[in-house]
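Notes follow once the structure below has been shown.
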Amino acid sequence: MHISAGIAALAGAMVLGRRNGHVRNTSSSTPNVPYVLLGTGLLWFGWFGFNAGSALGANELAATSFVNTNLASAAALIAWLLIEVVRGTKPTAVGACTGAVVGLVAITPAAGYVQYGQSILIGVVAALVSHAAVHWQNSRPTIDDTLDVFPCHGLGGIVGMLLTGVFADKVGLIHGTATVFGYHVLGLLIVVTYSFVGSWLLLKLTAKLFGLRVKPAEEQLGLDLSQHEESTYHVDEEFEQTYQSQRPDSGKIAHRMSDSLVS
């Protein structure tokens, strides 16, 4: 699932093209870090049900999955922060959240079938790979994967899937059998090919039938205002007045906007 999401995001970025701000190399900041922290906490909590709950019972498999899920995510979080420090940047709350999610993604296929130390290793390796991919992708002027879905979910899932075939109890590569690892590699090739080709074709078809991009002026204004006529965060008065003057029904919009804006 996570690999498919990452591959689909990559295909979408290639078909949709770059945002105008990305073309101009305009940097953007995270609008609400506390919400990022809250969302990550909810994901982390829910992931216990996702992984441990897959055992369909309160048994040893569920307990192992529960512990490994927490260990891998925590290890990836710490690894991500340490990488930021080693690279000479400051450790950030958003970076910690990103690392935690990468660890959750990576441990999912292996949660019930590896030892505790191996789950920590999976989290660390996934953080290293995803962080390097994020840095590489953001240095490429032609790739605009806004949320870094491919480096984090796509590559994080790929790392987890391959390392499951390496460390899985009794059947992993380190136990002298390559059968499961081979199946995982084959499955990975099938998923990547199917997800990329299928997403590419569907996006191209949608673009032909309905269009994928908004108008440049709407993109410049922001999708909250241009598509929904509301804003999650405060919009300064001059910007709001400019928006209202561009619309023929500006009186009605002004009323709706005044109700929805956060002062």
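As shown in the structure tokens, the chain order sets the letters A, B, ...; within each chain, residues go from 1, and ligands are also counted from 1 in the order they appear.
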
Give the helix (DSSP H, G or I) residues of range 6-251 of chain A, as DSSP finds them on the backbone, and put them as an MDAnalysis selection string.
chainID A and resid 6:16 20:23 33:55 60:86 93:110 116:138 149:167 173:175 179:209 216:221 223:228 237:245 250:251

What's around Val15 in chain A at 9 Å? Count only C-alpha atoms, leave out sequence neighbours fewer than 4 positions away in its own chain, and write the answer as a PyMOL selection string.
chain A and resi 10-11+200+203-204+207

Okay, now the selection with N, CA and C atoms, as a PDB file, in the first residue's frame?
ATOM      1  N   LEU A  10       4.932   9.782  -7.364  1.00  0.00           N
ATOM      2  CA  LEU A  10       6.001  10.091  -8.313  1.00  0.00           C
ATOM      3  C   LEU A  10       5.442  10.262  -9.723  1.00  0.00           C
ATOM      4  N   ALA A  11       4.549   9.349 -10.111  1.00  0.00           N
ATOM      5  CA  ALA A  11       3.920   9.466 -11.426  1.00  0.00           C
ATOM      6  C   ALA A  11       3.107  10.750 -11.523  1.00  0.00           C
ATOM      7  N   TRP A 200       0.152   6.476 -14.201  1.00  0.00           N
ATOM      8  CA  TRP A 200       0.498   7.326 -15.351  1.00  0.00           C
ATOM      9  C   TRP A 200      -0.650   7.363 -16.360  1.00  0.00           C
ATOM     10  N   LEU A 203      -3.760   9.214 -14.906  1.00  0.00           N
ATOM     11  CA  LEU A 203      -3.532  10.660 -14.826  1.00  0.00           C
ATOM     12  C   LEU A 203      -3.578  11.296 -16.206  1.00  0.00           C
ATOM     13  N   LYS A 204      -2.980  10.633 -17.188  1.00  0.00           N
ATOM     14  CA  LYS A 204      -3.026  11.155 -18.556  1.00  0.00           C
ATOM     15  C   LYS A 204      -4.461  11.203 -19.070  1.00  0.00           C
ATOM     16  N   ALA A 207      -6.286  14.024 -17.348  1.00  0.00           N
ATOM     17  CA  ALA A 207      -5.842  15.308 -17.891  1.00  0.00           C
ATOM     18  C   ALA A 207      -6.513  15.613 -19.223  1.00  0.00           C
TER      19      ALA A 207
END

Can you tell me, as a compact mmCIF listing (two decimals) with N, CA and C atoms, in the first residue's frame, what residues are no more than 12 Å from range 178-185 of chain A when counting only C-alpha atoms, ignoring any on the same chain fewer than 5 positions away?
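Written output follows (out-v9.txt):
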# COMPACT_ATOMS: atom_id res chain seq x y z
N PRO A 109 5.59 -4.39 6.95
CA PRO A 109 5.59 -5.77 6.46
C PRO A 109 6.33 -6.74 7.36
N ALA A 110 7.22 -6.22 8.22
CA ALA A 110 8.08 -7.09 9.02
C ALA A 110 7.64 -7.19 10.48
N GLY A 157 8.80 2.07 2.25
CA GLY A 157 8.12 0.79 2.07
C GLY A 157 8.98 -0.23 1.36
N ILE A 158 9.74 0.23 0.37
CA ILE A 158 10.63 -0.68 -0.37
C ILE A 158 11.71 -1.23 0.56
N VAL A 159 12.30 -0.36 1.39
CA VAL A 159 13.31 -0.82 2.35
C VAL A 159 12.71 -1.85 3.29
N GLY A 160 11.53 -1.56 3.82
CA GLY A 160 10.89 -2.50 4.74
C GLY A 160 10.57 -3.83 4.10
N MET A 161 10.11 -3.79 2.86
CA MET A 161 9.76 -5.03 2.17
C MET A 161 10.99 -5.89 1.92
N LEU A 162 12.08 -5.27 1.48
CA LEU A 162 13.30 -6.03 1.20
C LEU A 162 13.92 -6.57 2.49
N LEU A 163 13.95 -5.74 3.53
CA LEU A 163 14.56 -6.19 4.78
C LEU A 163 13.70 -7.23 5.50
N THR A 164 12.42 -7.26 5.21
CA THR A 164 11.60 -8.36 5.73
C THR A 164 12.08 -9.68 5.16
N GLY A 165 12.37 -9.68 3.86
CA GLY A 165 12.91 -10.88 3.23
C GLY A 165 14.29 -11.26 3.74
N VAL A 166 15.01 -10.27 4.30
CA VAL A 166 16.34 -10.55 4.84
C VAL A 166 16.25 -11.10 6.26
N PHE A 167 15.39 -10.51 7.11
CA PHE A 167 15.41 -10.82 8.54
C PHE A 167 14.26 -11.71 9.03
N ALA A 168 13.30 -12.03 8.21
CA ALA A 168 12.12 -12.79 8.67
C ALA A 168 12.54 -14.07 9.39
N ASP A 169 11.91 -14.32 10.54
CA ASP A 169 12.26 -15.48 11.36
C ASP A 169 12.19 -16.77 10.56
N LYS A 170 13.27 -17.52 10.58
CA LYS A 170 13.38 -18.87 10.01
C LYS A 170 13.37 -18.92 8.48
N VAL A 171 12.85 -17.90 7.83
CA VAL A 171 12.75 -17.96 6.37
C VAL A 171 13.49 -16.82 5.69
N GLY A 172 14.14 -15.95 6.47
CA GLY A 172 14.82 -14.81 5.89
C GLY A 172 16.16 -15.17 5.27
N LEU A 173 16.71 -14.24 4.56
CA LEU A 173 17.98 -14.46 3.86
C LEU A 173 19.10 -14.79 4.84
N ILE A 190 6.61 -6.16 -9.41
CA ILE A 190 5.23 -6.14 -9.91
C ILE A 190 4.48 -4.91 -9.41
N VAL A 191 4.61 -4.64 -8.11
CA VAL A 191 3.90 -3.50 -7.52
C VAL A 191 4.38 -2.18 -8.12
N VAL A 192 5.70 -2.02 -8.23
CA VAL A 192 6.25 -0.77 -8.77
C VAL A 192 5.79 -0.56 -10.21

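Nearest-residue note for Lys215 in chain A: choosing from A:His2, A:Ala72, A:Asn20, A:Leu201, the minimum distance belongs to A:Asn20, counting only C-alpha atoms.
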
One number please: CA of Leu212 in chain A to CA of Leu16 in chain A, in Å, one decimal.
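Atom-to-atom, CA of Leu212 in chain A and CA of Leu16 in chain A are spaced 6.7 Å apart.
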
With only C-alpha atoms as the atoms that count, which of A:Val102, A:Ala75, A:Val86, A:Leu81 lies nearest to Ser130 in chain A?
A:Val102

Work out how far CA of Ile174 in chain A is from CA of Gln118 in chain A, in Å to one decimal.
11.5 Å

For a quick check of understanding, using only C-alpha atoms, which of A:Thr108, A:Asn138, A:Thr69, A:Asn59 has the smallest distance to Pro151 in chain A?
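Closest to Pro151 in chain A, using only C-alpha atoms: A:Asn138.
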
If you count only C-alpha atoms, which residues fall within 9 Å of Ala79 in chain A, apart from same-chain ones fewer than 5 positions away, as a list in words?
Ala74, Glu84, Ala96, Gly99, Gly123, Val124, Val125, Ala127 and Leu128 of chain A

Among listed residues A:Ile3, A:Gly49, A:Leu71, A:Trp80, nearest Gly95 in chain A (using only C-alpha atoms):
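Between A:Ile3, A:Gly49, A:Leu71, A:Trp80, the residue approaching Gly95 in chain A most closely is A:Trp80.
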
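Among the candidates A:Ala217, A:Gly53, A:Gln137, A:Ala106, the residue lying nearest to Leu155 in chain A is A:Ala106 (atoms considered: only C-alpha atoms).
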
Can you pull out the residues contacting Val214 in chain A? Cut-off 9 Å, using only C-alpha atoms, and skip same-chain residues under 4 positions away; I want them as a list in words.
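Contacts, with the query itself left out: Glu218, Glu219, Leu223 and Gln227 of chain A.
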
Create the file for the chosen residues now, containing C-alpha atoms and written as a PDB file, in the first residue's frame.
ATOM      1  CA  GLU A 218      -5.713  30.407  -9.142  1.00  0.00           C
ATOM      2  CA  GLU A 219      -2.495  28.642  -8.239  1.00  0.00           C
ATOM      3  CA  LEU A 223      -6.246  26.689  -3.657  1.00  0.00           C
ATOM      4  CA  GLN A 227     -11.217  26.606  -5.056  1.00  0.00           C
TER       5      GLN A 227
END

Nearest to Leu42 in chain A, chosen from A:Val101, A:Thr193, A:Ala63, A:Gly176, with only C-alpha atoms counted in the distances:
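Counting only C-alpha atoms, the residue closest to Leu42 in chain A is A:Val101.
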